[in-house]
Amino acid sequence: MEMNASYTSFVAVGDSFTEGMSDLLPDGSYRGWADLLAARLAAREPDFRYANLAVRGKLIRQIAEEQVPVAAAMGADVVTLVGGLNDTLRPKVDMGRVRGHLEEAVELLAPTCGKLVLMRSPGRNGPVMERFRPRMEELYALIEELAARHGALVVDLYGAAALADPRMWDVDRLHLTAEGHRRVAEAVWQTLGLPPGEDWRTELPAAAPPGWALRRSQDLSFARQHLLPWVGRRLTGRSSGDGRPAKRPELLPYEVLDRQDLS
């Protein structure tokens, strides 16, 4: 791919990963890799436009039905589509339906944008990762297949050991820290053929693992604050994104957006 490519518009589609959780800003909103990428792209193009349709908790069917047609109509230079991981984390999932919805989304988006970017999302090392790894790898094999078929780009975050490091993940163990999001933004930037700013795959320095007492305390806190509420939503058919609007629903000139300092 040609270096220093020019992109004048970007639409992000997906769930909490693309919304930016848990890259928390002082005002209580989330930033995340898509906002960071948009800021860097906007610095190169004075008339740059950006929309982020992502909503936390969305399954691939909801993304395909609610976000993808809107994104396709925008005709952006770059569209990122990240979805399906929430489906694989459900106790029961029909991977055939996941495949169908993802195919539908890619088939609609690919002809309507300049560059369609798909991702093999990262996963945190640990027992949860091992339990759901077969489903995740089935999803990622499909993403590779669809990318090859439709000429889409793939950002392989799943293959990066640095992003599997538990220190790159927030206390909820589901979302990346600010540093993790910053690295994802760099990975997408490079995949788009833009000059690298750093090696986003560089692993964190080795550190002594926390002691038994601290690990148990962290586990109990995680269960109370995050795991039990998550299970409760699954049992009652609710989602953290119910009733929540898209993060940036219109493809607007970047400078008119009410945004925080993204430097």
# chains A, B, ... in the order shown; residues from 1 in each chain; ligands from 1

call {"tool": "closest_atom_pairs", "arguments": {"of": "stretch 95-158 of chain A", "to": "stretch 186-189 of chain A", "cutoff": "9 Å", "atoms": "only C-alpha atoms", "output": "CSV"}}
result
residue,atom,partner,partner_atom,distance
A:Val117,CA,A:Val188,CA,8.2
A:Val154,CA,A:Val188,CA,8.9
A:Val155,CA,A:Val188,CA,6.4
A:Asp156,CA,A:Ala187,CA,8.5
A:Leu157,CA,A:Ala187,CA,7.9

call {"tool": "atom_distance", "arguments": {"atom1": "atom CA of A:Tyr30", "atom2": "atom CA of A:Ala54"}}
result
11.7 Å

call {"tool": "atom_distance", "arguments": {"atom1": "atom CA of A:Pro111", "atom2": "atom CA of A:Pro69"}}
result
12.1 Å

call {"tool": "select_by_dssp", "arguments": {"residues": "stretch 5-223 of chain A", "states": "helix (DSSP H, G or I)", "output": "PyMOL selection string"}}
result
chain A and resi 16-19+33-44+60-74+85-88+95-112+127-150+161-164+166-168+178-191+212-223

call {"tool": "select_by_dssp", "arguments": {"residues": "stretch 112-225 of chain A", "states": "strand (DSSP E)", "output": "PyMOL selection string"}}
result
chain A and resi 115-120+153-156

call {"tool": "closest_residue", "arguments": {"among": "A:Glu65, A:Asp15, A:Glu179, A:Asp27", "to": "A:Arg244", "atoms": "only C-alpha atoms"}}
result
A:Asp15

call {"tool": "atom_distance", "arguments": {"atom1": "atom CA of A:Arg120", "atom2": "atom CA of A:Met136"}}
result
8.7 Å

call {"tool": "residues_around", "arguments": {"residues": "A:Ser22", "least_positions_apart": "6", "cutoff": "9 Å", "atoms": "only C-alpha atoms", "output": "list in words"}}
result
Ser16, Tyr30, Arg31, Gly32, Trp169, Asp170, Asp172, Leu174, His175, Leu176, Thr177, Ala178 and His181 of chain A

call {"tool": "closest_residue", "arguments": {"among": "A:Arg182, A:Tyr140, A:Leu53, A:Ala160", "to": "A:Arg40", "atoms": "only C-alpha atoms"}}
result
A:Arg182

call {"tool": "residues_around", "arguments": {"residues": "stretch 99-105 of chain A", "least_positions_apart": "3", "cutoff": "8 Å", "atoms": "only C-alpha atoms", "output": "PyMOL selection string"}}
result
chain A and resi 60-61+64+68+83-84+95-96+108-109+139+142+146
